[in-house]
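In what follows, a single structure is set out as structure tokens and then discussed.
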Protein chains: 2
Amino acid sequence: MTLEQLRIFVAVAEREHVTRAAEFLNLTQSAVSHAVTQLEGEFQLSFFSRVGRRIELTEAGRRFLDEARTVLNRAEVARERMLDLSGLRDGVLRIHASHTIASYWLPARLNAFRAAHPGIRLHVAIANTRDIGRLVQSGEASIGLVEGELPTLDLCSDIVAHDRLLLVVAPDHPWATTPPDVGSLLDTPWVLREAGSGTRMEFEQGLRVLGVDPDKLDIVLEVASNEAVAGMVETGDAAAVLSASVVAGRVEAGLLCVAPLPLPDRQFRVLRHPQQRLSPAEHAFLTLLGLTITPNKPM
Amino acid sequence: MTLEQLRIFVAVAEREHVTRAAEFLNLTQSAVSHAVTQLEGEFQLSFFSRVGRRIELTEAGRRFLDEARTVLNRAEVARERMLDLSGLRDGVLRIHASHTIASYWLPARLNAFRAAHPGIRLHVAIANTRDIGRLVQSGEASIGLVEGELPTLDLCSDIVAHDRLLLVVAPDHPWATTPPDVGSLLDTPWVLREAGSGTRMEFEQGLRVLGVDPDKLDIVLEVASNEAVAGMVETGDAAAVLSASVVAGRVEAGLLCVAPLPLPDRQFRVLRHPQQRLSPAEHAFLTLLGLTITPNKPM
DNA sequence: TTAACTTACGCCAGGCGTAATGATG
DNA sequence: CATCATTACGCCTGGCGTAAGTTAA
């Protein structure tokens with residue numbers, strides 16, 4: 001008998017439906033069915049009777065549902081009390097993130113964090129990659145999320161995701177049908193993110209690798225907004241380079257086309273000051289991102 | 001947070017001692033230390049302060065001890081209520097076992113079963129292998145534990161342990177120093193278990209493999225007791241063949257010596273009637289022996 | 001030097017997902 | 001035939017043990 005098994009059992013019992021319980025739990029039918037079977041085996045009881053292609057609670061199942069809820073409640077109380085003690089119950093988590101990350105990658109993670117720690121208020125400040133590096137360096141920001149590397153700074157920097165830059169144009173642009181060659185890159189008008197943004201820095205680096213001088217590009221607009229860049233490209237004749245996560249929805253909708261251009265992969269990175277101690281909430285957030293931090297235990 | 005982690009934490013907290021908790025839990029220091037560390041990491045708290053080479057509970061640890069006990073108590077109540085429902089809380093478990101198994105192999109398993117199901121009374125009937133086969137066949141016994149195979153009977157038979165037969169003699173017997181050759185087996189007096197015992201049957205089978213006719217042995221005593229056989233050998237000039245588990249302690253004590261003789265390995269087996277339904281207690285016992293039985297769920 | 005806890009590393013069971021199977025309306 | 005549950009099977013993570021590392025008496 002495991003707390004996890006109890007959670008699964010309760011989800012199934014409340015719905016009398018394995019599939020819906022599985023959806024709720026983000027598991028497969030198979031895993032849920034297996035967990036229930038295992039519980040039944042442990043006690044030599046059937047908690048559900050398989051009637052037709054439905055299941056329904058047996059008397060034993062009803063009794064066990066009560067018990068399972070009680071155990072889970074006690075466990076939840078214990079957990080909350082400990083989180084109170086450690087400061088993970090309230091407080092604020094302050095994150096500085098680049099435009100791309102804040103708009104397209106971060107929200108799902110913030111929701112996961114909220115699910116785990118509902119009491120913590122979240123603050124996200126948006127700036128471009130270069131500025132975030134400076135803020136973390138100076139101590140004004142404690143957690144920064146940026147694209148690519150900032151080699152000049154002396155910060156802890158861990159990869160938390162991978163990303164690709166894509167060359168995009170409107171569907172009626174020539175490159176939508178015939179791939180551009182390197183030489184033609186200088187012949188099209190460009191809309192780009194501002195200098196200092198991760199997207200811009202990585203793109204310029206990619207151009208240099210291809211032997212193209214970024215300063216020679218015909219830049220018609222620089223703007224600190226991925227949406228503005230995308231909108232310009234959709235409705236005009238300019239080309240742009242944006243993160244795959246930014247353009248995915250627009251390509252799906254037929255508003256943009258991806259033109260093949262070999263740009264290097266880049267990484268989303270989390271930046272921390274090496275000396276600064278992490279708050280419990282910060283630590284929990286980094287753990288949620290899959291990092292294993294050297295422990296930092298108050299009390 | 002896992003129920004198992006809570007159990008481990010409570011054991012450590014009650015003793016303020018990782019090693020002793022590990023002994024109590026039948027785990028290693030390492031596993032216990034790891035589990036505690038993991039709990040502390042989850043809540044970002046230190047439950048123990050490492051003072052010198054001891055540990056002691058912190059304030060957070062004391063609070064968590066209360067919580068952990070509460071959760072475990074609720075879980076235990078739930079478990080007991082379900083066991084009540086399934087009939088695993090009281091009743092009798094009846095087992096028929098051979099002499100060797102009942103004396104040397106079974107006790108540890110019975111204690112494990114008692115730990116898991118304290119309410120169940122245990123009955124062990126001792127008989128030799130052949131008789132147990134007959135009792136299971138006739139339905140008088142529902143679970144039999146025997147040595148070796150009984151090919152003539154049509155029963156479920158699963159291996160639950162491996163055993164070796166050893167040729168033993170007193171320390172002053174010639175074979176204690178110079179290994180016997182096959183031809184000399186007929187020149188020594190033998191003390192043997194009675195016909196029908198697994199030990200006897202397996203030994204005779206082993207002799208035939210070696211090309212020796214068992215009927216030609218010089219048998220000075222047949223007795224339905226391993227201890228009697230061992231006692232005879234210790235204090236006389238006879239040889240015997242007994243299970244490794246029977247002689248281990250006596251060899252350790254210098255009372256007996258093992259003479260090398262290539263006897264086939266044998267298996268301890270559990271016998272069941274194919275049709276007979278298992279009681280919850282019987283099912284639980286077989287599961288404890290490591291068998292996976294086709295489920296058999298009342299209620 | 002010993003006795004304690006922690007950390008590193010490899011192994012293995014158990015849990016999960018994919019896919020096949022079974023049952024029912 | 002579509003839907004829902006179970007079963008089979010392979011993968012992989014997480015927990016355990018062995019052993020090395022660390023600290024204090």
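We name chains A, B, ... following the order of the structure tokens; residues begin at 1 in each chain, and ligands are numbered from 1 as shown.
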>> Please list as a PyMOL selection string every residue within 12 Å of Gly206 (chain A), counting only C-alpha atoms (C1' of nucleotides) and excluding residues in the same chain fewer than 2 positions away.
In response: chain A and resi 148+164-167+182+199-204+208-214+241+261-266
Save the residues we just selected, N, CA and C atoms, as a short mmCIF file (atom, residue, chain, number, x, y, z; two decimals), in the first residue's frame?
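This is the output file part-v4.cif:
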data_model
loop_
_atom_site.label_atom_id
_atom_site.label_comp_id
_atom_site.auth_asym_id
_atom_site.auth_seq_id
_atom_site.Cartn_x
_atom_site.Cartn_y
_atom_site.Cartn_z
N GLY A 148 20.74 30.81 -24.65
CA GLY A 148 22.13 30.81 -25.05
C GLY A 148 23.06 31.09 -23.88
N ARG A 164 15.20 25.58 -30.89
CA ARG A 164 15.77 25.78 -32.21
C ARG A 164 15.32 27.12 -32.74
N LEU A 165 16.20 27.80 -33.44
CA LEU A 165 15.82 29.03 -34.15
C LEU A 165 15.37 28.65 -35.55
N LEU A 166 14.30 29.26 -36.00
CA LEU A 166 13.77 28.97 -37.33
C LEU A 166 13.67 30.25 -38.14
N LEU A 167 14.03 30.12 -39.41
CA LEU A 167 13.84 31.21 -40.36
C LEU A 167 12.41 31.15 -40.87
N VAL A 182 22.69 30.81 -49.07
CA VAL A 182 23.34 31.73 -48.13
C VAL A 182 23.52 33.11 -48.72
N THR A 199 17.59 35.78 -28.87
CA THR A 199 17.27 35.40 -30.25
C THR A 199 18.19 36.10 -31.23
N ARG A 200 18.39 37.39 -31.04
CA ARG A 200 19.25 38.16 -31.94
C ARG A 200 20.70 37.70 -31.85
N MET A 201 21.17 37.53 -30.63
CA MET A 201 22.58 37.14 -30.46
C MET A 201 22.86 35.78 -31.08
N GLU A 202 21.96 34.84 -30.86
CA GLU A 202 22.16 33.50 -31.41
C GLU A 202 22.07 33.51 -32.94
N PHE A 203 21.16 34.32 -33.45
CA PHE A 203 21.02 34.40 -34.91
C PHE A 203 22.30 34.97 -35.52
N GLU A 204 22.81 36.04 -34.94
CA GLU A 204 24.02 36.65 -35.50
C GLU A 204 25.18 35.66 -35.43
N ARG A 208 27.40 34.16 -38.62
CA ARG A 208 28.86 34.16 -38.72
C ARG A 208 29.38 32.77 -39.06
N VAL A 209 28.77 31.76 -38.44
CA VAL A 209 29.16 30.38 -38.76
C VAL A 209 28.96 30.11 -40.25
N LEU A 210 27.88 30.68 -40.82
CA LEU A 210 27.60 30.48 -42.25
C LEU A 210 28.45 31.38 -43.14
N GLY A 211 29.26 32.24 -42.52
CA GLY A 211 30.10 33.12 -43.30
C GLY A 211 29.41 34.40 -43.75
N VAL A 212 28.33 34.77 -43.07
CA VAL A 212 27.61 35.99 -43.43
C VAL A 212 27.86 37.04 -42.35
N ASP A 213 28.09 38.27 -42.77
CA ASP A 213 28.32 39.35 -41.80
C ASP A 213 26.99 39.94 -41.37
N PRO A 214 26.64 39.83 -40.11
CA PRO A 214 25.32 40.30 -39.65
C PRO A 214 25.11 41.78 -39.92
N VAL A 241 13.97 35.53 -37.88
CA VAL A 241 14.39 34.31 -37.20
C VAL A 241 13.83 34.36 -35.80
N LEU A 261 17.09 26.62 -42.94
CA LEU A 261 18.39 27.30 -42.85
C LEU A 261 19.10 26.67 -41.66
N PRO A 262 20.31 26.21 -41.88
CA PRO A 262 20.99 25.47 -40.78
C PRO A 262 21.49 26.41 -39.69
N LEU A 263 20.64 26.63 -38.70
CA LEU A 263 21.05 27.45 -37.55
C LEU A 263 21.38 26.53 -36.38
N PRO A 264 22.34 26.92 -35.58
CA PRO A 264 22.74 26.02 -34.49
C PRO A 264 21.63 25.90 -33.45
N ASP A 265 21.55 24.71 -32.81
CA ASP A 265 20.66 24.56 -31.67
C ASP A 265 21.11 25.48 -30.55
N ARG A 266 20.14 25.87 -29.72
CA ARG A 266 20.54 26.68 -28.57
C ARG A 266 19.84 26.12 -27.34
#
> Using only C-alpha atoms, which chain B residues lie at most 9 Å away from chain A, written as a PyMOL selection string?
Replying inline: chain B and resi 1-4+40-47+58-60+63-64+66-68+70-75+77-79+81-83+85-88+280+283-284+295-299
May I have the selected residues written with C-alpha atoms, as a PDB file, in the first residue's frame?
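Saved result, out_36.pdb, follows:
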ATOM      1  CA  MET B   1       6.783  11.627   0.716  1.00  0.00           C
ATOM      2  CA  THR B   2       6.226   7.898   0.868  1.00  0.00           C
ATOM      3  CA  LEU B   3       4.785   5.760   3.642  1.00  0.00           C
ATOM      4  CA  GLU B   4       8.027   3.837   3.535  1.00  0.00           C
ATOM      5  CA  GLU B  40      14.519  16.673   4.239  1.00  0.00           C
ATOM      6  CA  GLY B  41      15.070  17.742   0.660  1.00  0.00           C
ATOM      7  CA  GLU B  42      11.379  17.572  -0.172  1.00  0.00           C
ATOM      8  CA  PHE B  43      10.470  19.994   2.600  1.00  0.00           C
ATOM      9  CA  GLN B  44      13.676  21.986   2.622  1.00  0.00           C
ATOM     10  CA  LEU B  45      14.092  21.238   6.330  1.00  0.00           C
ATOM     11  CA  SER B  46      16.672  19.534   8.490  1.00  0.00           C
ATOM     12  CA  PHE B  47      15.046  17.010  10.779  1.00  0.00           C
ATOM     13  CA  THR B  58      15.672  19.342  15.525  1.00  0.00           C
ATOM     14  CA  GLU B  59      12.494  21.201  16.353  1.00  0.00           C
ATOM     15  CA  ALA B  60      11.273  20.606  12.823  1.00  0.00           C
ATOM     16  CA  ARG B  63       7.061  18.223  14.698  1.00  0.00           C
ATOM     17  CA  PHE B  64       7.458  15.961  11.736  1.00  0.00           C
ATOM     18  CA  ASP B  66       4.211  13.705  15.290  1.00  0.00           C
ATOM     19  CA  GLU B  67       2.864  14.110  11.799  1.00  0.00           C
ATOM     20  CA  ALA B  68       4.570  11.009  10.487  1.00  0.00           C
ATOM     21  CA  THR B  70      -0.296  10.160  12.682  1.00  0.00           C
ATOM     22  CA  VAL B  71      -0.132   9.336   8.998  1.00  0.00           C
ATOM     23  CA  LEU B  72       1.290   5.890   9.644  1.00  0.00           C
ATOM     24  CA  ASN B  73      -1.365   5.172  12.251  1.00  0.00           C
ATOM     25  CA  ARG B  74      -4.150   6.049   9.848  1.00  0.00           C
ATOM     26  CA  ALA B  75      -2.557   3.884   7.191  1.00  0.00           C
ATOM     27  CA  VAL B  77      -5.910   1.335  10.645  1.00  0.00           C
ATOM     28  CA  ALA B  78      -6.933   1.294   6.998  1.00  0.00           C
ATOM     29  CA  ARG B  79      -4.847  -1.767   6.385  1.00  0.00           C
ATOM     30  CA  ARG B  81      -9.846  -2.845   8.424  1.00  0.00           C
ATOM     31  CA  MET B  82      -9.326  -4.186   4.950  1.00  0.00           C
ATOM     32  CA  LEU B  83      -7.663  -7.296   6.302  1.00  0.00           C
ATOM     33  CA  LEU B  85     -12.907  -7.633   5.567  1.00  0.00           C
ATOM     34  CA  SER B  86     -10.880 -10.139   3.609  1.00  0.00           C
ATOM     35  CA  GLY B  87     -10.514 -12.655   6.397  1.00  0.00           C
ATOM     36  CA  LEU B  88      -6.778 -12.224   6.728  1.00  0.00           C
ATOM     37  CA  PRO B 280      -6.906 -15.675   1.901  1.00  0.00           C
ATOM     38  CA  HIS B 283      -2.834 -17.170  -0.672  1.00  0.00           C
ATOM     39  CA  ALA B 284      -0.945 -14.663   1.437  1.00  0.00           C
ATOM     40  CA  PRO B 295      -5.817 -14.323  -8.506  1.00  0.00           C
ATOM     41  CA  ASN B 296      -8.530 -15.623  -6.299  1.00  0.00           C
ATOM     42  CA  LYS B 297     -10.584 -12.757  -5.021  1.00  0.00           C
ATOM     43  CA  PRO B 298     -13.586 -13.213  -2.805  1.00  0.00           C
ATOM     44  CA  MET B 299     -16.056 -10.368  -2.200  1.00  0.00           C
TER      45      MET B 299
END
Using only C-alpha atoms (C1' of nucleotides), which chain D residues lie at most 10 Å away from chain A, written as a PDB file with C-alpha atoms (C1' of nucleotides), in the first residue's frame?
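Result file result_34.pdb:
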ATOM      1  C1'  DT D   3     -15.259   1.802 -26.348  1.00  0.00           C
ATOM      2  C1'  DC D   4     -13.434   0.524 -22.168  1.00  0.00           C
ATOM      3  C1'  DA D   5     -10.885  -2.604 -19.227  1.00  0.00           C
ATOM      4  C1'  DT D   6      -7.127  -6.041 -18.657  1.00  0.00           C
ATOM      5  C1'  DT D   7      -2.825  -8.438 -19.909  1.00  0.00           C
TER       6       DT D   7
END
>> Going by DSSP on the backbone, which residues of region 174-269 of chain B come out as strand (DSSP E or B)? List them as number ranges by chain.
In response: B: 189-193, 218-223, 239-243, 257-259, 266-269
> If you run DSSP on this backbone, which residues of region 136-253 of chain B come out as alpha helix (DSSP H), and could you give them as a ChimeraX atom specification?
Replying inline: /B:136-138,198-209,226-234,244-252
Could you turn the residues from that selection into a file that holds N, CA and C atoms, as an mmCIF file, in the first residue's frame?
data_model
loop_
_atom_site.group_PDB
_atom_site.id
_atom_site.type_symbol
_atom_site.label_atom_id
_atom_site.label_comp_id
_atom_site.auth_asym_id
_atom_site.auth_seq_id
_atom_site.Cartn_x
_atom_site.Cartn_y
_atom_site.Cartn_z
ATOM 1 N N VAL B 136 -2.119 -34.106 0.206
ATOM 2 C CA VAL B 136 -2.540 -33.014 -0.676
ATOM 3 C C VAL B 136 -3.424 -33.571 -1.790
ATOM 4 N N GLN B 137 -3.023 -34.707 -2.317
ATOM 5 C CA GLN B 137 -3.809 -35.331 -3.381
ATOM 6 C C GLN B 137 -5.239 -35.601 -2.925
ATOM 7 N N SER B 138 -5.378 -36.079 -1.710
ATOM 8 C CA SER B 138 -6.708 -36.439 -1.219
ATOM 9 C C SER B 138 -7.483 -35.225 -0.736
ATOM 10 N N GLY B 198 11.812 -37.367 1.801
ATOM 11 C CA GLY B 198 12.440 -36.746 0.645
ATOM 12 C C GLY B 198 13.940 -36.955 0.667
ATOM 13 N N THR B 199 14.524 -36.810 1.829
ATOM 14 C CA THR B 199 15.972 -36.990 1.946
ATOM 15 C C THR B 199 16.383 -38.377 1.460
ATOM 16 N N ARG B 200 15.664 -39.387 1.891
ATOM 17 C CA ARG B 200 15.993 -40.756 1.495
ATOM 18 C C ARG B 200 15.799 -40.965 0.000
ATOM 19 N N MET B 201 14.669 -40.480 -0.499
ATOM 20 C CA MET B 201 14.386 -40.691 -1.920
ATOM 21 C C MET B 201 15.433 -40.022 -2.801
ATOM 22 N N GLU B 202 15.791 -38.798 -2.446
ATOM 23 C CA GLU B 202 16.767 -38.074 -3.256
ATOM 24 C C GLU B 202 18.138 -38.725 -3.171
ATOM 25 N N PHE B 203 18.469 -39.202 -1.974
ATOM 26 C CA PHE B 203 19.768 -39.863 -1.813
ATOM 27 C C PHE B 203 19.826 -41.117 -2.674
ATOM 28 N N GLU B 204 18.784 -41.914 -2.625
ATOM 29 C CA GLU B 204 18.783 -43.154 -3.410
ATOM 30 C C GLU B 204 18.861 -42.844 -4.895
ATOM 31 N N GLN B 205 18.166 -41.811 -5.308
ATOM 32 C CA GLN B 205 18.235 -41.405 -6.709
ATOM 33 C C GLN B 205 19.662 -41.002 -7.077
ATOM 34 N N GLY B 206 20.307 -40.243 -6.155
ATOM 35 C CA GLY B 206 21.689 -39.834 -6.393
ATOM 36 C C GLY B 206 22.617 -41.038 -6.505
ATOM 37 N N LEU B 207 22.391 -42.036 -5.672
ATOM 38 C CA LEU B 207 23.231 -43.247 -5.728
ATOM 39 C C LEU B 207 23.087 -43.934 -7.079
ATOM 40 N N ARG B 208 21.859 -44.035 -7.555
ATOM 41 C CA ARG B 208 21.652 -44.705 -8.853
ATOM 42 C C ARG B 208 22.395 -43.956 -9.962
ATOM 43 N N VAL B 209 22.370 -42.621 -9.873
ATOM 44 C CA VAL B 209 23.110 -41.838 -10.873
ATOM 45 C C VAL B 209 24.595 -42.192 -10.829
ATOM 46 N N ASN B 226 15.749 -36.171 11.500
ATOM 47 C CA ASN B 226 17.078 -35.716 11.091
ATOM 48 C C ASN B 226 18.022 -35.625 12.274
ATOM 49 N N GLU B 227 17.479 -35.224 13.413
ATOM 50 C CA GLU B 227 18.319 -35.056 14.596
ATOM 51 C C GLU B 227 18.842 -36.393 15.083
ATOM 52 N N ALA B 228 17.985 -37.398 15.012
ATOM 53 C CA ALA B 228 18.427 -38.730 15.408
ATOM 54 C C ALA B 228 19.531 -39.229 14.487
ATOM 55 N N VAL B 229 19.353 -38.992 13.197
ATOM 56 C CA VAL B 229 20.392 -39.403 12.248
ATOM 57 C C VAL B 229 21.699 -38.697 12.576
ATOM 58 N N ALA B 230 21.613 -37.372 12.743
ATOM 59 C CA ALA B 230 22.830 -36.607 13.011
ATOM 60 C C ALA B 230 23.480 -37.066 14.313
ATOM 61 N N GLY B 231 22.657 -37.275 15.319
ATOM 62 C CA GLY B 231 23.194 -37.714 16.611
ATOM 63 C C GLY B 231 23.908 -39.051 16.491
ATOM 64 N N MET B 232 23.340 -39.962 15.731
ATOM 65 C CA MET B 232 23.985 -41.252 15.521
ATOM 66 C C MET B 232 25.346 -41.095 14.858
ATOM 67 N N VAL B 233 25.392 -40.232 13.844
ATOM 68 C CA VAL B 233 26.650 -40.069 13.110
ATOM 69 C C VAL B 233 27.703 -39.414 14.002
ATOM 70 N N GLU B 234 27.295 -38.410 14.741
ATOM 71 C CA GLU B 234 28.244 -37.680 15.594
ATOM 72 C C GLU B 234 28.938 -38.605 16.573
ATOM 73 N N ALA B 244 21.737 -29.845 3.673
ATOM 74 C CA ALA B 244 22.736 -28.859 4.095
ATOM 75 C C ALA B 244 22.226 -28.007 5.255
ATOM 76 N N SER B 245 20.947 -27.680 5.222
ATOM 77 C CA SER B 245 20.431 -26.825 6.288
ATOM 78 C C SER B 245 20.421 -27.547 7.627
ATOM 79 N N VAL B 246 20.333 -28.872 7.601
ATOM 80 C CA VAL B 246 20.340 -29.633 8.859
ATOM 81 C C VAL B 246 21.742 -29.683 9.463
ATOM 82 N N VAL B 247 22.734 -29.870 8.611
ATOM 83 C CA VAL B 247 24.073 -30.124 9.139
ATOM 84 C C VAL B 247 24.874 -28.844 9.368
ATOM 85 N N ALA B 248 24.414 -27.719 8.810
ATOM 86 C CA ALA B 248 25.230 -26.498 8.846
ATOM 87 C C ALA B 248 25.704 -26.169 10.257
ATOM 88 N N GLY B 249 24.761 -26.115 11.187
ATOM 89 C CA GLY B 249 25.137 -25.765 12.552
ATOM 90 C C GLY B 249 26.095 -26.766 13.161
ATOM 91 N N ARG B 250 25.900 -28.037 12.875
ATOM 92 C CA ARG B 250 26.729 -29.069 13.488
ATOM 93 C C ARG B 250 28.140 -29.096 12.884
ATOM 94 N N VAL B 251 28.233 -28.780 11.610
ATOM 95 C CA VAL B 251 29.560 -28.687 10.994
ATOM 96 C C VAL B 251 30.313 -27.502 11.593
ATOM 97 N N GLU B 252 29.597 -26.403 11.731
ATOM 98 C CA GLU B 252 30.166 -25.196 12.333
ATOM 99 C C GLU B 252 30.738 -25.510 13.711
#
> Which chain C residues are at most 12 Å from chain B (counting only C-alpha atoms (C1' of nucleotides)), as a ChimeraX atom specification?
Replying inline: /C:2-8
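Checking C:DA19, C:DT1, C:DG25, C:DC9 one by one against DA19 (chain D), counting only C-alpha atoms (C1' of nucleotides), you find the shortest gap at C:DC9.
As for CA of Ser184 (chain A) and CA of Ala240 (chain A), they are spaced 13.8 Å apart.
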> Any idea what the distance is between CA of Pro118 (chain A) and CA of Leu286 (chain A)?
Replying inline: 16.3 Å
> Quick one: residues within 10 Å of Asp131 (chain B), only C-alpha atoms (C1' of nucleotides) counted, chain neighbours fewer than 2 positions away excluded, as a list in words?
Replying inline: His96, Ala97, Ser98, Ile126, Ala127, Asn128, Thr129, Gly133, Arg134, Leu135, Val136, Gln137, Gly144, Val146, Gly196 and Ser197 of chain B
> Can you tell me how far CA of Val36 (chain B) sits from C1' of DA20 (chain D), in Å to one decimal?
Replying inline: 20.6 Å
>> Considering only C-alpha atoms, can you say which of A:Leu291, A:Leu186, A:Val168, A:Val160 comes closest to Ile219 (chain A)?
In response: A:Leu186
